[in-house]
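Trainee: Structure file final_38.txt, compact mmCIF, C-alpha atoms and all ligand atoms, is pasted below:
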# COMPACT_ATOMS: atom_id res chain seq x y z
CA MET A 1 90.13 82.91 99.20
CA PRO A 2 90.98 79.29 98.45
CA HIS A 3 89.51 76.57 100.64
CA ILE A 4 88.22 73.03 100.47
CA LYS A 5 85.52 71.34 102.50
CA VAL A 6 86.09 67.64 102.97
CA LYS A 7 84.35 64.73 104.65
CA PRO A 8 85.45 64.15 108.27
CA PHE A 9 88.50 61.89 108.41
CA GLU A 10 90.57 60.04 110.97
CA HIS A 11 93.12 62.53 112.37
CA SER A 12 95.83 59.91 112.56
CA ILE A 13 96.10 59.83 108.74
CA VAL A 14 97.73 63.25 108.90
CA ASP A 15 100.31 62.15 111.49
CA LYS A 16 101.08 59.06 109.43
CA ALA A 17 101.46 61.10 106.23
CA ILE A 18 103.79 63.80 107.64
CA PRO A 19 107.04 61.78 107.92
CA LYS A 20 106.75 60.66 104.27
CA SER A 21 105.33 63.88 102.82
CA GLU A 22 107.33 66.47 100.92
CA LEU A 23 104.44 68.91 101.32
CA LEU A 24 103.15 68.58 104.88
CA THR A 25 105.67 69.39 107.58
CA PHE A 26 103.71 69.41 110.85
CA ARG A 27 100.27 69.47 112.40
CA ALA A 28 99.76 71.81 115.37
CA LYS A 29 96.59 71.85 117.46
CA ALA A 30 95.21 75.01 119.03
CA LEU A 31 95.35 74.88 122.82
CA ASN A 32 91.84 74.88 124.30
CA ARG A 33 90.21 74.83 120.86
CA GLY A 34 89.53 72.31 118.14
CA ASP A 35 91.21 73.93 115.14
CA GLU A 36 94.66 73.19 113.75
CA LEU A 37 97.42 74.59 111.61
CA TRP A 38 99.25 72.45 109.08
CA GLY A 39 102.75 73.40 107.95
CA ILE A 40 103.26 73.38 104.16
CA VAL A 41 106.35 73.65 102.00
CA LEU A 42 105.74 74.13 98.29
CA ASP A 43 107.88 75.71 95.60
CA ASN A 44 110.40 76.80 98.25
CA GLU A 45 107.67 78.73 100.08
CA GLU A 46 106.68 77.91 103.63
CA PHE A 47 103.16 78.69 104.81
CA LEU A 48 100.27 77.38 106.89
CA LEU A 49 96.83 75.98 106.22
CA GLN A 50 94.07 76.40 108.79
CA VAL A 51 91.94 73.37 109.53
CA LYS A 52 88.56 73.60 111.27
CA TYR A 53 86.61 70.52 112.27
CA TYR A 54 82.80 70.54 112.19
CA ASP A 55 80.38 67.64 112.78
CA ASP A 56 79.76 66.87 109.13
CA GLU A 57 82.74 68.44 107.36
CA VAL A 58 86.28 69.72 107.74
CA LEU A 59 87.25 73.12 106.35
CA ILE A 60 90.84 73.49 105.14
CA LYS A 61 91.75 76.99 104.11
CA TYR A 62 94.49 79.57 103.74
CA ASP A 63 96.09 81.23 106.75
CA LYS A 64 95.97 85.01 106.57
CA VAL A 65 99.32 85.69 108.25
CA THR A 66 101.48 83.37 106.14
CA ARG A 67 99.59 83.18 102.83
CA PRO A 68 101.76 83.39 99.73
CA LEU A 69 101.01 86.11 97.19
CA LYS A 70 100.48 83.56 94.45
CA VAL A 71 96.93 82.30 94.90
CA ASN A 72 97.62 79.37 92.59
CA LEU A 73 100.28 78.11 95.01
CA LEU A 74 97.66 77.99 97.76
CA LYS A 75 95.24 76.20 95.48
CA GLU A 76 97.90 73.69 94.54
CA ALA A 77 98.73 73.09 98.22
CA LEU A 78 95.06 72.44 99.01
CA ALA A 79 94.63 70.11 96.05
CA ARG A 80 97.81 68.19 96.91
CA VAL A 81 96.92 67.88 100.59
CA ALA A 82 93.55 66.40 99.60
CA GLU A 83 95.28 64.01 97.21
CA GLU A 84 98.02 62.91 99.62
CA LEU A 85 95.61 62.30 102.48
CA GLU A 86 92.99 60.83 100.13
CA LEU A 87 90.35 63.22 101.46
CA GLU A 88 86.88 63.28 99.98
CA ILE A 89 86.19 66.80 98.75
CA LEU A 90 82.62 68.02 99.35
CA SER A 91 83.10 71.47 97.87
CA SER A 92 85.97 73.75 96.96
CA ASN A 93 86.97 76.88 95.10
CA ILE A 94 90.40 75.73 94.04
CA ALA A 95 89.87 75.24 90.33
CA GLN A 96 93.15 76.56 88.93
CA HIS A 97 92.66 79.45 86.58
CA LYS A 98 94.67 78.99 83.47
CA GLU A 99 97.66 80.69 84.90
CA VAL A 100 98.45 84.02 83.35
CA ARG A 101 102.03 83.89 84.53
CA TYR A 102 102.64 87.26 86.06
CA ALA A 103 106.10 88.63 86.04
CA SER A 104 107.22 87.20 89.32
CA ALA A 105 110.69 88.63 88.80
CA TYR A 106 109.03 91.98 89.44
CA GLU A 107 107.27 90.89 92.60
CA LYS A 108 109.48 91.72 95.56
CA LYS A 109 109.05 90.60 99.11
CA ILE A 110 109.88 92.89 101.95
CA GLU A 111 112.75 90.53 102.91
CA ASP A 112 114.31 91.06 99.48
CA PHE A 113 115.19 94.56 100.59
CA TYR A 114 117.50 93.43 103.42
CA ASP A 115 120.29 93.04 100.95
CA VAL A 116 119.28 94.64 97.70
CA SER A 117 120.94 96.30 94.76
CA PHE A 118 118.85 98.54 92.60
CA PRO A 119 119.09 97.87 88.85
CA LYS A 120 118.71 101.57 87.95
CA GLU A 121 120.41 104.63 89.30
CA LYS A 122 117.15 106.55 89.56
CA VAL A 123 114.51 105.13 91.90
CA CYS A 124 110.97 106.35 92.67
CA VAL A 125 108.26 104.93 94.94
CA GLU A 126 104.48 105.00 94.47
CA VAL A 127 102.37 104.38 97.56
CA GLY A 128 98.98 102.67 97.11
CA PHE A 129 99.02 102.41 93.31
CA GLY A 130 95.54 100.83 93.12
CA SER A 131 94.78 100.04 89.47
CA GLY A 132 98.39 101.00 88.66
CA ARG A 133 97.59 103.44 85.85
CA HIS A 134 99.99 106.10 87.12
CA LEU A 135 102.73 103.57 88.03
CA LEU A 136 102.62 101.86 84.62
CA TYR A 137 102.52 105.19 82.83
CA GLN A 138 105.55 106.54 84.70
CA ALA A 139 107.53 103.34 84.15
CA LYS A 140 106.83 103.42 80.43
CA LYS A 141 107.76 107.08 80.18
CA HIS A 142 110.99 106.77 82.22
CA PRO A 143 112.72 103.50 81.29
CA ASP A 144 115.89 104.71 83.04
CA THR A 145 114.12 104.77 86.43
CA LEU A 146 113.09 101.93 88.73
CA PHE A 147 109.57 102.39 90.10
CA ILE A 148 108.77 100.57 93.33
CA GLY A 149 105.00 100.29 93.71
CA LEU A 150 103.56 99.56 97.15
CA GLU A 151 100.04 98.26 97.54
CA ILE A 152 98.41 96.48 100.48
CA HIS A 153 95.46 95.25 98.40
CA THR A 154 96.66 91.89 97.07
CA PRO A 155 94.34 91.63 94.01
CA SER A 156 95.52 95.07 92.82
CA ALA A 157 99.14 93.99 93.23
CA GLN A 158 98.44 90.86 91.21
CA GLN A 159 96.63 92.79 88.48
CA VAL A 160 99.53 95.18 88.06
CA LEU A 161 102.04 92.28 87.98
CA LYS A 162 100.06 90.87 85.06
CA GLN A 163 100.04 94.25 83.33
CA ILE A 164 103.82 94.54 83.74
CA GLU A 165 104.21 91.30 81.85
CA LEU A 166 101.62 92.13 79.21
CA GLN A 167 103.17 95.54 78.56
CA GLY A 168 106.74 94.14 78.64
CA LEU A 169 107.96 96.57 81.29
CA GLU A 170 111.19 95.83 83.13
CA ASN A 171 111.53 98.73 85.50
CA ILE A 172 108.78 98.14 88.09
CA TRP A 173 108.95 96.24 91.34
CA VAL A 174 105.66 95.48 93.04
CA VAL A 175 105.65 95.09 96.81
CA ASN A 176 102.43 93.86 98.42
CA TYR A 177 103.14 95.59 101.71
CA ASP A 178 102.24 98.50 103.95
CA ALA A 179 104.01 101.60 102.71
CA ARG A 180 104.31 102.98 106.23
CA LEU A 181 106.64 100.13 107.16
CA PHE A 182 108.36 99.81 103.83
CA LEU A 183 110.34 103.05 103.72
CA GLU A 184 112.48 101.91 106.66
CA MET A 185 113.88 99.22 104.34
CA LEU A 186 115.47 101.75 102.01
CA PRO A 187 118.91 103.35 102.32
CA SER A 188 119.09 107.08 102.96
CA ASN A 189 119.15 109.57 100.04
CA LEU A 190 117.98 107.02 97.44
CA LEU A 191 114.71 108.29 95.97
CA GLU A 192 113.91 110.95 93.43
CA LYS A 193 110.20 110.90 94.14
CA ILE A 194 107.56 109.40 96.37
CA PHE A 195 104.06 109.54 94.87
CA VAL A 196 101.09 109.33 97.21
CA HIS A 197 98.04 109.69 94.98
CA PHE A 198 94.58 109.69 96.48
CA PRO A 199 95.43 107.98 99.77
CA VAL A 200 92.49 106.65 101.77
CA PRO A 201 91.38 109.69 103.84
CA TRP A 202 90.51 107.69 107.00
CA ASP A 203 88.53 110.63 108.37
CA LYS A 204 87.30 108.58 111.33
CA LYS A 205 90.61 106.79 112.00
CA PRO A 206 93.29 109.37 111.18
CA HIS A 207 96.01 107.21 112.82
CA ARG A 208 95.67 104.85 109.82
CA ARG A 209 96.62 107.51 107.29
CA VAL A 210 99.73 106.99 105.22
CA ILE A 211 100.90 110.57 105.75
CA SER A 212 102.03 111.11 109.34
CA PRO A 213 104.96 112.85 111.05
CA MET A 214 106.79 109.49 111.11
CA PHE A 215 106.12 108.87 107.42
CA LEU A 216 107.40 112.36 106.64
CA ASP A 217 110.59 111.74 108.65
CA GLU A 218 111.25 108.47 106.82
CA SER A 219 110.40 110.05 103.46
CA LEU A 220 112.90 112.81 104.06
CA ARG A 221 115.56 110.28 105.05
CA VAL A 222 115.10 108.20 101.88
CA LEU A 223 114.61 111.13 99.48
CA GLN A 224 117.69 112.64 97.85
CA LYS A 225 118.44 116.27 98.42
CA GLY A 226 116.08 117.90 95.88
CA GLY A 227 113.83 114.81 95.83
CA ARG A 228 110.08 115.25 96.18
CA LEU A 229 107.14 113.73 98.03
CA GLU A 230 104.03 114.31 95.89
CA LEU A 231 100.65 114.06 97.56
CA ARG A 232 97.53 114.31 95.37
CA THR A 233 94.17 114.24 97.10
CA ASP A 234 90.53 115.11 96.56
CA SER A 235 89.90 115.32 100.30
CA ASP A 236 89.82 118.79 101.90
CA ASN A 237 90.40 117.19 105.27
CA TYR A 238 93.41 115.24 104.12
CA PHE A 239 94.85 118.28 102.36
CA TRP A 240 94.69 120.42 105.50
CA TYR A 241 95.90 117.55 107.68
CA ALA A 242 98.91 117.07 105.39
CA LEU A 243 99.74 120.78 105.43
CA GLU A 244 99.61 120.74 109.22
CA THR A 245 101.90 117.71 109.28
CA PHE A 246 104.39 119.41 106.96
CA PHE A 247 104.16 122.83 108.63
CA GLY A 248 107.28 124.03 110.43
CA VAL A 249 109.51 121.14 109.32
CA PRO A 250 112.79 122.96 108.64
CA GLN A 251 114.42 120.81 105.95
CA ILE A 252 111.59 121.02 103.41
CA GLU A 253 109.96 123.33 100.91
CA VAL A 254 106.20 122.96 100.40
CA GLU A 255 104.34 123.89 97.23
CA VAL A 256 100.58 123.66 96.80
CA ARG A 257 98.56 123.44 93.58
CA LYS A 258 94.86 123.14 92.92
CA ASN A 259 93.14 121.33 90.06
CA GLU A 260 96.34 120.71 88.17
CA ALA A 261 95.87 118.32 85.23
CA LEU A 262 98.32 115.40 85.15
CA GLU A 263 99.27 113.48 82.03
CA VAL A 264 97.59 110.37 83.36
CA THR A 265 94.28 110.16 85.20
CA SER A 266 93.73 107.39 87.73
CA LYS A 267 90.40 105.63 88.18
CA TYR A 268 89.75 107.53 91.39
CA GLU A 269 90.69 110.83 89.86
CA ALA A 270 88.39 110.25 86.89
CA ARG A 271 85.51 109.72 89.31
CA TRP A 272 86.27 112.94 91.26
CA LEU A 273 86.63 114.90 88.04
CA ARG A 274 83.20 113.72 86.90
CA MET A 275 81.87 114.96 90.24
CA GLU A 276 83.70 118.27 89.69
CA LYS A 277 85.57 117.94 92.98
CA ASP A 278 88.65 120.02 93.69
CA ILE A 279 91.93 118.17 93.57
CA TYR A 280 94.95 119.32 95.56
CA ASP A 281 98.64 118.62 95.01
CA VAL A 282 101.12 119.14 97.80
CA TYR A 283 104.77 118.86 96.76
CA VAL A 284 107.31 118.50 99.55
CA THR A 285 110.89 119.01 98.41
CA CYS A 286 113.68 117.64 100.60
CA LYS A 287 116.38 120.27 101.03
CA GLU A 288 119.01 118.29 102.97
CA GLU A 289 121.01 115.10 102.73
CA SER A 290 120.40 112.55 105.46
CA PRO A 291 122.87 110.44 107.42
CA ALA A 292 122.95 106.67 106.75
CA ARG A 293 120.29 104.73 108.65
CA GLU A 294 121.27 103.00 111.87
CA ALA A 295 121.94 99.26 111.73
CA LEU A 296 119.60 97.12 113.85
CA GLY A 297 120.48 93.88 115.62
CA GLU A 298 119.52 90.49 114.21
CA PHE A 299 115.98 89.21 114.53
CA ASN A 300 116.90 85.75 115.76
CA PHE A 301 116.20 83.89 119.00
CA ASN A 302 119.61 82.34 119.66
CA ILE A 303 119.06 81.57 123.31
CA VAL A 304 115.40 80.55 123.13
CA LYS A 305 114.17 76.93 123.13
CA TYR A 306 110.91 75.25 124.01
CA LYS A 307 110.72 74.35 127.70
CA ASN A 308 107.98 72.50 129.49
CA GLY A 309 105.43 74.86 130.95
CA LEU A 310 106.14 77.70 128.53
CA GLU A 311 102.57 77.77 127.23
CA GLN A 312 101.20 78.32 130.74
CA SER A 313 103.61 81.08 131.56
CA LEU A 314 103.14 83.35 128.56
CA PRO A 315 101.11 86.50 129.27
CA GLN A 316 97.49 86.33 128.20
CA LYS A 317 97.09 90.07 127.89
CA ALA A 318 99.03 92.37 125.62
CA VAL A 319 102.25 93.77 127.08
CA VAL A 320 102.07 97.48 126.32
CA GLU A 321 105.17 99.69 126.44
CA LYS A 322 105.51 103.36 125.52
CA ASP A 323 106.03 102.98 121.77
CA TYR A 324 105.26 99.32 121.08
CA PHE A 325 103.31 96.30 122.28
CA VAL A 326 103.52 92.51 122.23
CA HIS A 327 100.39 90.34 122.24
CA ILE A 328 100.47 86.55 122.38
CA GLU A 329 97.21 85.79 120.62
CA ARG A 330 97.02 82.02 120.31
CA LEU A 331 99.10 78.91 120.91
CA TYR A 332 99.28 75.76 118.80
CA LYS A 333 101.16 72.62 119.79
CA THR A 334 102.32 69.51 117.98
CA ASP A 335 102.49 66.19 119.82
CA ASP A 336 106.24 66.29 120.03
CA ASN A 337 106.72 69.49 122.01
CA GLN A 338 106.82 72.00 119.22
CA LEU A 339 104.94 75.18 119.92
CA LEU A 340 103.61 77.65 117.36
CA VAL A 341 102.89 81.04 118.90
CA LYS A 342 100.60 83.40 117.00
CA CYS A 343 101.37 86.95 118.01
CA SER A 344 101.04 90.56 117.04
CA PHE A 345 103.55 93.21 118.03
CA GLY A 346 105.34 96.39 117.06
CA SER A 347 103.87 99.83 116.71
CA PHE A 348 100.25 100.48 117.64
CA ASP A 349 99.06 101.71 114.27
CA ARG A 350 100.97 99.28 112.05
CA PRO A 351 101.43 96.05 113.97
CA GLU A 352 103.14 92.93 112.66
CA HIS A 353 101.33 89.60 112.74
CA LYS A 354 103.60 86.58 112.94
CA TYR A 355 103.99 83.03 114.12
CA ILE A 356 106.98 81.93 116.19
CA PHE A 357 107.97 78.28 116.00
CA LEU A 358 109.71 76.75 119.06
CA ASN A 359 110.98 73.28 119.78
CA GLU A 360 113.63 71.78 122.03
CA ASN A 361 116.37 72.68 119.55
CA GLY A 362 115.58 76.32 118.94
CA CYS A 363 113.15 79.02 117.95
CA ARG A 364 112.45 81.02 114.77
CA TYR A 365 109.85 83.21 113.15
CA PHE A 366 107.56 81.22 110.87
CA ALA A 367 107.86 81.64 107.95
CA SER A 368 109.83 84.90 107.81
CA PRO A 369 111.13 87.39 110.37
CA PRO A 370 109.35 90.69 110.91
CA VAL A 371 110.29 93.75 108.97
CA LYS A 372 113.49 95.17 110.34
CA THR A 373 112.23 98.39 111.89
CA SER A 374 113.44 99.90 115.12
CA VAL A 375 110.06 99.45 116.84
CA ASN A 376 109.84 95.82 115.71
CA TYR A 377 113.31 95.25 117.08
CA LYS A 378 112.23 96.46 120.52
CA ALA A 379 109.21 94.14 120.34
CA HIS A 380 111.48 91.30 119.25
CA GLN A 381 113.66 91.81 122.32
CA LYS A 382 110.56 91.73 124.53
CA LEU A 383 109.39 88.51 122.82
CA THR A 384 112.81 86.95 123.40
CA GLU A 385 112.49 87.81 127.08
CA LEU A 386 108.95 86.38 127.36
CA LEU A 387 109.76 83.17 125.50
CA SER A 388 113.01 82.43 127.30
CA ASP A 389 112.10 82.98 130.91
CA VAL A 390 109.56 80.31 131.85
CA GLU A 391 110.16 80.71 135.61
CA ARG A 392 109.85 84.47 135.76
CA ASN A 393 106.51 84.58 133.98
C1 LIG A 401 91.89 105.49 97.08
S1 LIG A 401 92.98 104.30 96.43
C2 LIG A 401 93.90 105.20 95.23
C3 LIG A 401 94.59 104.31 94.24
C4 LIG A 401 95.47 104.99 93.21
N1 LIG A 401 96.58 105.72 93.79
C5 LIG A 401 94.63 105.93 92.34
O1 LIG A 401 94.93 107.11 92.34
O2 LIG A 401 93.71 105.46 91.69
C6 LIG A 401 94.11 104.09 97.76
C7 LIG A 401 94.98 102.85 97.59
O3 LIG A 401 95.99 102.85 98.59
C8 LIG A 401 96.16 101.54 99.09
N2 LIG A 401 96.70 101.69 100.44
C9 LIG A 401 96.08 102.19 101.54
N3 LIG A 401 96.91 102.22 102.60
C10 LIG A 401 98.10 101.73 102.15
C11 LIG A 401 99.36 101.50 102.77
N4 LIG A 401 99.53 101.81 104.06
N5 LIG A 401 100.37 100.97 102.04
C12 LIG A 401 100.18 100.66 100.72
N6 LIG A 401 99.00 100.84 100.08
C13 LIG A 401 98.00 101.38 100.77
C14 LIG A 401 94.76 100.95 99.03
O4 LIG A 401 94.76 99.54 99.02
C15 LIG A 401 94.22 101.55 97.74
O5 LIG A 401 94.49 100.73 96.63
Is it possible to give me this structure as structure tokens?

Mentor:
Amino acid sequence: MPHIKVKPFEHSIVDKAIPKSELLTFRAKALNRGDELWGIVLDNEEFLLQVKYYDDEVLIKYDKVTRPLKVNLLKEALARVAEELELEILSSNIAQHKEVRYASAYEKKIEDFYDVSFPKEKVCVEVGFGSGRHLLYQAKKHPDTLFIGLEIHTPSAQQVLKQIELQGLENIWVVNYDARLFLEMLPSNLLEKIFVHFPVPWDKKPHRRVISPMFLDESLRVLQKGGRLELRTDSDNYFWYALETFFGVPQIEVEVRKNEALEVTSKYEARWLRMEKDIYDVYVTCKEESPAREALGEFNFNIVKYKNGLEQSLPQKAVVEKDYFVHIERLYKTDDNQLLVKCSFGSFDRPEHKYIFLNENGCRYFASPPVKTSVNYKAHQKLTELLSDVERN
């Protein structure tokens, strides 16, 4: 991931540059540690750079929580920071690749789904598309359908965005996000199909599997009556686990097939076929319409502001409730009483990682609010409580 190593420099040059800079917005120092976060605004995107000071060099690199999907944007930010501050670069990996402009119109952020209209009447979702062979094939074959591809592995998402442009497809949206959280973004009764092909089996950590009772519930809410969840797996364990998960659910019909040939073979499938492994399909058809999803409250911190002493009063250990948790992981402070709180929260098996930015005028998530799920909303309310009540803590 992009970084630069530069010669040690006088810290005050950053503070002097910030008021004049259109790129650098603030510099926040970690409490009780030497590293820093720098706020960046570039191309209408807001993100952070991490800065670590060593004796003979300073490392400036991307921040995992806020990094933009476009790697070239990060590289540009690093190059421009070095230029603005006149830093002497010792080494770097920010040479810009000749940009193959991927079809950014087809890259959707999770926030885009808060108020979205779908350009096609028919909509399908593919979970964990990997190399994208199946997703691209389906989109080409069904131009009247919008295919939303979900993939947590950023390089795969970027590869498929490039392919969309190269193949001139207009009916795919790529979302670089966890599928287990994503379905909550969709309205009820929308989808024709949800493809889950060769999900990671997670035999030792089954709680990380995509298929779960909660995922099934959400799938059935967003599938139309007659719509289908299609699981394809080479794992005996996963196959039986999925059947157990689906067993006894009243509003579905389950169909099982073995070693069925599909029109398109994914990279994983090709490998299993060479090894002569059995491949199972489990088709779950939704037999009922679902009610509209419940509206959640807003994820803002209207009443919260930075108050002296807040950093000392925040809990150091995770606050654990029945179905969610809140963990204040690290605090960063600017000289003028602005606090950046790094935290994780939400459900235990799919937590959110965010920063919260507080000053004497207000408080907001940096750079974007969490995904609007019911569990995240409970965690948000707990965070509001912790951040607003300095005395009580
Ligand atoms: C074994 S690969 C299969 C890829 C592709 N479906 C195929 O058949 O070749 C599993 C893929 O799912 C992605 N993945 C795993 N968990 C995910 C999640 N919760 N949300 C979205 N993608 C996920 C992984 O990054 C990986 O690319």

Trainee: Neighbours of ligand LIG 401 (chain A) within 6 Å, counting all atoms listed in the file, as an MDAnalysis selection string?

Mentor: chainID A and resid 127:131 150:153 177:180 197:200 210 266:268

Trainee: As a list of chain:residue names, please: the residues near Arg67 in chain A (cut-off 10 Å, all atoms listed in the file, same-chain neighbours under 4 positions excluded).

Mentor: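 Listed by chain and then number, they are A:Glu45, A:Glu46, A:Phe47, A:Leu48, A:Leu49, A:Tyr62, A:Asp63, A:Val71, A:Leu73, A:Leu74, A:Ala367.
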
Trainee: Using all atoms listed in the file, which residues sit within 12 Å of Asp43 in chain A once same-chain residues fewer than 4 positions away are excluded, as an MDAnalysis selection string?

Mentor: chainID A and resid 22:23 47 68 70 72:74 76:77

Trainee: For a quick check of understanding, using all atoms listed in the file, which of A:Leu183, A:Ala270, A:Ala17, A:Ile194 has the smallest distance to Tyr114 in chain A?

Mentor: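 Counting all atoms listed in the file, the residue closest to Tyr114 in chain A is A:Leu183.
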
Trainee: Could you give me, as a PyMOL selection string, the residues within 7 Å of range 213-224 of chain A, counting all atoms listed in the file and dropping anything in the same chain fewer than 6 positions from it?

Mentor: chain A and resi 180+183-184+186-193+245+286+289-290

Trainee: First collect every listed atom of range 55-61 of chain A; then fit an axis-aligned box around them, widen it by 6 Å on each side, and give centre and edge lengths in Å to one decimal, as JSON.

Mentor:
{"center_x": 85.8, "center_y": 71.9, "center_z": 108.4, "size_x": 24.0, "size_y": 22.1, "size_z": 20.7}

Trainee: To one decimal place in Å, what is the distance between CA of Ser388 in chain A and CA of Val304 in chain A?

Mentor: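 Between CA of Ser388 in chain A and CA of Val304 in chain A the gap is 5.2 Å.
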
Trainee: As an exercise, work out the distance from CA of Asn93 in chain A to CA of Gln163 in chain A in Å and give it to one decimal place.

Mentor: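 Between CA of Asn93 in chain A and CA of Gln163 in chain A the gap works out to 24.7 Å.
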
Trainee: Using only C-alpha atoms, can you list as a compact mmCIF listing (two decimals) with C-alpha atoms, keeping the file's coordinate frame the residues within 8 Å of (112.4, 76.0, 117.9)?

Mentor:
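Result file follows (part.txt):
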# COMPACT_ATOMS: atom_id res chain seq x y z
CA VAL A 304 115.40 80.55 123.13
CA LYS A 305 114.17 76.93 123.13
CA TYR A 306 110.91 75.25 124.01
CA GLN A 338 106.82 72.00 119.22
CA LEU A 339 104.94 75.18 119.92
CA PHE A 357 107.97 78.28 116.00
CA LEU A 358 109.71 76.75 119.06
CA ASN A 359 110.98 73.28 119.78
CA GLU A 360 113.63 71.78 122.03
CA ASN A 361 116.37 72.68 119.55
CA GLY A 362 115.58 76.32 118.94
CA CYS A 363 113.15 79.02 117.95
CA ARG A 364 112.45 81.02 114.77

Trainee: If I take CA of Leu78 in chain A and CA of Ile328 in chain A, how far is one from the other in Å, to one decimal?

Mentor: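 Going from CA of Leu78 in chain A over to CA of Ile328 in chain A, I get 27.8 Å.
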